[in-house]
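**Student:** This is the structure I have questions about; it appears just below.
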Amino acid sequence: MPPPRSDSSSPATETPGPPNVYTYDDFRLFLDHAFKARKKADPKYSYRKFARDAGILNPGYLLDVVQGKRALSRAMLLKMSRAFGLSEAEGEFLQLLADFGQTRQDEARQSIYQDILFRRNRSRFARLSPSLAKYYQDYRYPLIRCAVEAGDFSGDYEALGKWLDPALPPGVVKKMIADLLDWKLIQKNAAGHYAVTSRFVEPPATMGSLVRRLNREWILHGAEAPFRFPADQRHVSTLLLMVGPETRKEIHRRIDRFRKEILDLVEEDKRPEGIMQLSLQYFPRTHGKRP
């Protein structure tokens with residue numbers, strides 16, 4: 001979160017600014033965090049006070065929007081943007097987030113999301129935190145980063161590109177290696193060897209939509225795995241499970257525990273020789289109550 005912004009020179013009268021809107025994909029989450037930032041600075045601050053600041057008659061409007069009970073209109077968004085002290089550009093970005101979150105047509109959502117990425121990449125946030133702004137937009141960045149760790153890479157872009165699946169042209173590999181170096185996600189030592197700066201990169205919670213899109217890309221890559229690789233090189237299976245609410249939650253917990261165990265196991269592996277993709281898919285195949 002950036003430091004509070006204020007035109008006042010007196011710390012005692014400063015009004016804390018909202019979190020950086022360009023780090024968010026979910027407009028409701030941003031509004032929730034922006035309000036909580038105000039309330040943290042002033043424990044007496046309330047939804048009623050915010051409504052007065054914004055010129056909104058309904059004191060519960062913001063909370064209804066945050067909880068998904070009410071849609072956010074353009075007029076109300078403009079009032080909220082002013083009340084939170086957003087610049088014109090930040091307000092326009094928040095409007096894009098709201099359009100993306102409230103639009104149901106997939107084609108329109110795709111177009112809006114491209115605008116979101118374009119605006120984010122041109123923002124000050126992108127210049128200060130390019131790895132957060134771009135790393136999760138393209139599956140090739142994480143793939144190349146893993147390849148740097150698993151292989152003994154010393155600058156042979158063609159060899160590295162051919163090693164990957166799917167293969168990548170040397171020009172693409174060279175450009176992405178340069179980006180990863182610039183973002184300090186990999187480093188080059190005096191001997192010319194490349195290495196990752198940390199073994200795992202976790203996305204910020206505010207970029208949920210971006211990460212979901214990347215996960216969708218990885219899942220689509222795995223769709224052909226049963227046909228492309230022999231059984232001893234992959235494990236692909238599907239179970240249809242009849243579960244109740246408590247069993248469903250327990251399976252969630254065990255999957256989370258299993259994921260942590262796998263990460264711990266990989267952390268202990270000091271001599272990686274390849275890259276494997278592990279996709280855990282666990283989601284409902286029915287909706288509503290049982291007939």
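We name chains A, B, ... following the order of the structure tokens; residues begin at 1 in each chain, and ligands are numbered from 1 as shown.
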Please produce, as a Markdown table, a per-residue contact table for stretch 94-212 of chain A versus stretch 73-87 of chain A (criterion: any atom at most 9 Å away, only C-alpha atoms considered), showing the nearest atom pair and its distance in Å to one decimal, sorted by chain then residue number.

**Tutor:**
```
| residue | atom | partner | partner_atom | distance |
| --- | --- | --- | --- | --- |
| A:Leu94 | CA | A:Leu77 | CA | 8.1 |
| A:Gln95 | CA | A:Leu77 | CA | 7.1 |
| A:Ala98 | CA | A:Leu77 | CA | 8.6 |
```

**Student:** Next, write the just-selected residues to a file, as a PDB file, in the first residue's frame, keeping N, CA and C atoms as the atom set.

**Tutor:**
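Done, and the output landed in again-v1.pdb:
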```
ATOM      1  N   LEU A  94     -11.139   2.766 -11.709  1.00  0.00           N
ATOM      2  CA  LEU A  94     -12.134   2.132 -10.845  1.00  0.00           C
ATOM      3  C   LEU A  94     -13.411   1.849 -11.626  1.00  0.00           C
ATOM      4  N   GLN A  95     -13.779   2.744 -12.541  1.00  0.00           N
ATOM      5  CA  GLN A  95     -14.965   2.508 -13.367  1.00  0.00           C
ATOM      6  C   GLN A  95     -14.774   1.279 -14.252  1.00  0.00           C
ATOM      7  N   ALA A  98     -15.341  -1.718 -12.142  1.00  0.00           N
ATOM      8  CA  ALA A  98     -16.763  -1.920 -11.892  1.00  0.00           C
ATOM      9  C   ALA A  98     -17.455  -2.483 -13.127  1.00  0.00           C
TER      10      ALA A  98
END
```

**Student:** Point out the residue among A:Lys134, A:His252, A:Leu263, A:Asp165 with the least atom-to-atom distance to A:Phe229, counting only C-alpha atoms.

**Tutor:**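 Going through A:Lys134, A:His252, A:Leu263, A:Asp165 one by one, the smallest distance to A:Phe229 is for A:Asp165.
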
**Student:** One decimal, in Å: what's the spacing between atom CA of A:Val266 and atom CA of A:Thr197?

**Tutor:**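 That distance, rounded to one decimal, is 15.9 Å.
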
**Student:** Give me the residues near A:Arg234 as a VMD selection string, where near means some atom within 9 Å (using only C-alpha atoms) and where sequence neighbours in that chain fewer than 4 positions away do not count.

**Tutor:** chain A and resid 225 to 226 229 to 230 276

**Student:** Could you turn the residues from that selection into a file that holds N, CA and C atoms, as a PDB file, in the first residue's frame?

**Tutor:**
```pdb
ATOM      1  N   ALA A 225      -2.768 -33.227 -22.078  1.00  0.00           N
ATOM      2  CA  ALA A 225      -1.754 -34.067 -21.430  1.00  0.00           C
ATOM      3  C   ALA A 225      -2.034 -35.561 -21.542  1.00  0.00           C
ATOM      4  N   PRO A 226      -3.303 -36.036 -21.386  1.00  0.00           N
ATOM      5  CA  PRO A 226      -3.538 -37.488 -21.496  1.00  0.00           C
ATOM      6  C   PRO A 226      -3.196 -38.060 -22.862  1.00  0.00           C
ATOM      7  N   PHE A 229       1.358 -37.476 -23.505  1.00  0.00           N
ATOM      8  CA  PHE A 229       2.410 -38.058 -22.681  1.00  0.00           C
ATOM      9  C   PHE A 229       2.023 -39.463 -22.234  1.00  0.00           C
ATOM     10  N   PRO A 230       2.983 -40.383 -22.194  1.00  0.00           N
ATOM     11  CA  PRO A 230       2.688 -41.736 -21.701  1.00  0.00           C
ATOM     12  C   PRO A 230       2.339 -41.711 -20.217  1.00  0.00           C
ATOM     13  N   MET A 276       7.441 -29.622 -14.101  1.00  0.00           N
ATOM     14  CA  MET A 276       6.182 -30.350 -14.139  1.00  0.00           C
ATOM     15  C   MET A 276       5.059 -29.386 -13.771  1.00  0.00           C
TER      16      MET A 276
END
```

**Student:** Restrict the calculation to only C-alpha atoms, then for each residue of stretch 60-156 of chain A with any atom at most 9 Å from an atom of stretch 270-275 of chain A give the closest atom pair and their distance in Å to one decimal, rows by chain and rising residue number, as a tab-separated table.

**Tutor:**
```
residue	atom	partner	partner_atom	distance
A:Leu143	CA	A:Ile275	CA	8.3
A:Cys146	CA	A:Ile275	CA	7.0
A:Ala147	CA	A:Ile275	CA	6.9
A:Glu149	CA	A:Pro272	CA	7.5
A:Ala150	CA	A:Pro272	CA	4.8
A:Gly151	CA	A:Glu273	CA	6.3
```

**Student:** Can I get the selected residues back with C-alpha atoms, as a JSON list (two decimals), in the first residue's frame?

**Tutor:**
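Wrote it out as part10.json, contents follow:
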```
[["chain", "number", "residue", "atom", "x", "y", "z"],
["A", 143, "LEU", "CA", 7.45, -20.87, -17.25],
["A", 146, "CYS", "CA", 11.05, -21.98, -13.61],
["A", 147, "ALA", "CA", 13.24, -23.05, -16.53],
["A", 149, "GLU", "CA", 15.91, -22.48, -11.94],
["A", 150, "ALA", "CA", 15.63, -26.03, -13.27],
["A", 151, "GLY", "CA", 18.23, -25.66, -16.01]]
```

**Student:** With a distance cut-off of 7 Å and only C-alpha atoms, select the neighbouring residues of stretch 29-44 of chain A, excluding the residue or stretch itself and same-chain residues fewer than 4 positions from it, and output the selection as a PyMOL selection string.

**Tutor:** chain A and resi 16+18-19+21+24+66

**Student:** Would you mind exporting the chosen residues as an mmCIF file, in the first residue's frame, restricted to C-alpha atoms?

**Tutor:**
```
data_model
loop_
_atom_site.group_PDB
_atom_site.id
_atom_site.type_symbol
_atom_site.label_atom_id
_atom_site.label_comp_id
_atom_site.auth_asym_id
_atom_site.auth_seq_id
_atom_site.Cartn_x
_atom_site.Cartn_y
_atom_site.Cartn_z
ATOM 1 C CA PRO A 16 -5.250 9.013 4.669
ATOM 2 C CA PRO A 18 -6.980 4.928 -0.304
ATOM 3 C CA PRO A 19 -4.898 1.909 -1.323
ATOM 4 C CA VAL A 21 -6.452 1.166 -7.114
ATOM 5 C CA TYR A 24 -6.869 -4.363 -7.771
ATOM 6 C CA VAL A 66 -19.170 -4.133 -1.072
#
```

**Student:** What gap, in Å, lies between atom CA of A:Val236 and atom CA of A:Gly222?

**Tutor:** 9.0 Å

**Student:** Distance atom CA of A:Phe283-atom CA of A:Glu246, one decimal place?

**Tutor:**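 Here the two named atoms are 14.9 Å from each other.
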
**Student:** Give me, as JSON, numbers by chain, all polymer residues having an atom no more than 7 Å from stretch 185-187 of chain A, counting only C-alpha atoms and skipping those fewer than 3 positions away in the same chain.

**Tutor:** {"A": [180, 181, 194, 195, 196, 197]}

**Student:** Write out, as a PDB file, in the first residue's frame, the residues just selected, with N, CA and C atoms.

**Tutor:**
```pdb
ATOM      1  N   LEU A 180      12.486 -10.240 -16.673  1.00  0.00           N
ATOM      2  CA  LEU A 180      12.633 -10.885 -15.368  1.00  0.00           C
ATOM      3  C   LEU A 180      13.839 -10.341 -14.609  1.00  0.00           C
ATOM      4  N   LEU A 181      14.909 -10.043 -15.334  1.00  0.00           N
ATOM      5  CA  LEU A 181      16.074  -9.410 -14.708  1.00  0.00           C
ATOM      6  C   LEU A 181      15.711  -8.021 -14.197  1.00  0.00           C
ATOM      7  N   TYR A 194      22.542 -17.686 -14.633  1.00  0.00           N
ATOM      8  CA  TYR A 194      21.316 -17.059 -14.157  1.00  0.00           C
ATOM      9  C   TYR A 194      20.694 -17.913 -13.045  1.00  0.00           C
ATOM     10  N   ALA A 195      20.032 -17.246 -12.101  1.00  0.00           N
ATOM     11  CA  ALA A 195      19.350 -17.947 -11.016  1.00  0.00           C
ATOM     12  C   ALA A 195      18.156 -17.110 -10.571  1.00  0.00           C
ATOM     13  N   VAL A 196      17.163 -17.756  -9.960  1.00  0.00           N
ATOM     14  CA  VAL A 196      16.009 -17.025  -9.445  1.00  0.00           C
ATOM     15  C   VAL A 196      16.412 -16.354  -8.136  1.00  0.00           C
ATOM     16  N   THR A 197      15.762 -15.240  -7.848  1.00  0.00           N
ATOM     17  CA  THR A 197      16.067 -14.512  -6.610  1.00  0.00           C
ATOM     18  C   THR A 197      15.316 -15.096  -5.419  1.00  0.00           C
TER      19      THR A 197
END
```

**Student:** Which one is closest to A:Glu92: A:Ala190, A:Leu240, A:Ile116, A:Leu72? Count only C-alpha atoms.

**Tutor:**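 Nearest candidate to A:Glu92 out of A:Ala190, A:Leu240, A:Ile116, A:Leu72: A:Ile116.
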
**Student:** Quick one: DSSP strand (DSSP E) residues in stretch 72-286 of chain A, as a list in words?

**Tutor:**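 So the strand (DSSP E) residues in stretch 72-286 of chain A would be Ile186, Gln187, Lys188, Tyr194, Ala195 and Val196 of chain A.
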
**Student:** Would you output that residue set with C-alpha atoms, as a PDB file, in the first residue's frame?

**Tutor:**
```pdb
ATOM      1  CA  ILE A 186      16.021 -13.592 -11.609  1.00  0.00           C
ATOM      2  CA  GLN A 187      19.656 -12.487 -11.396  1.00  0.00           C
ATOM      3  CA  LYS A 188      22.912 -13.043 -13.293  1.00  0.00           C
ATOM      4  CA  TYR A 194      21.316 -17.059 -14.157  1.00  0.00           C
ATOM      5  CA  ALA A 195      19.350 -17.947 -11.016  1.00  0.00           C
ATOM      6  CA  VAL A 196      16.009 -17.025  -9.445  1.00  0.00           C
TER       7      VAL A 196
END
```

**Student:** Env of A:Lys69: 12 Å cut, atoms = only C-alpha atoms, seq-sep filter 6 positions within chain, self excluded. Answer as a PyMOL selection string.

**Tutor:** chain A and resi 28+60-63+102
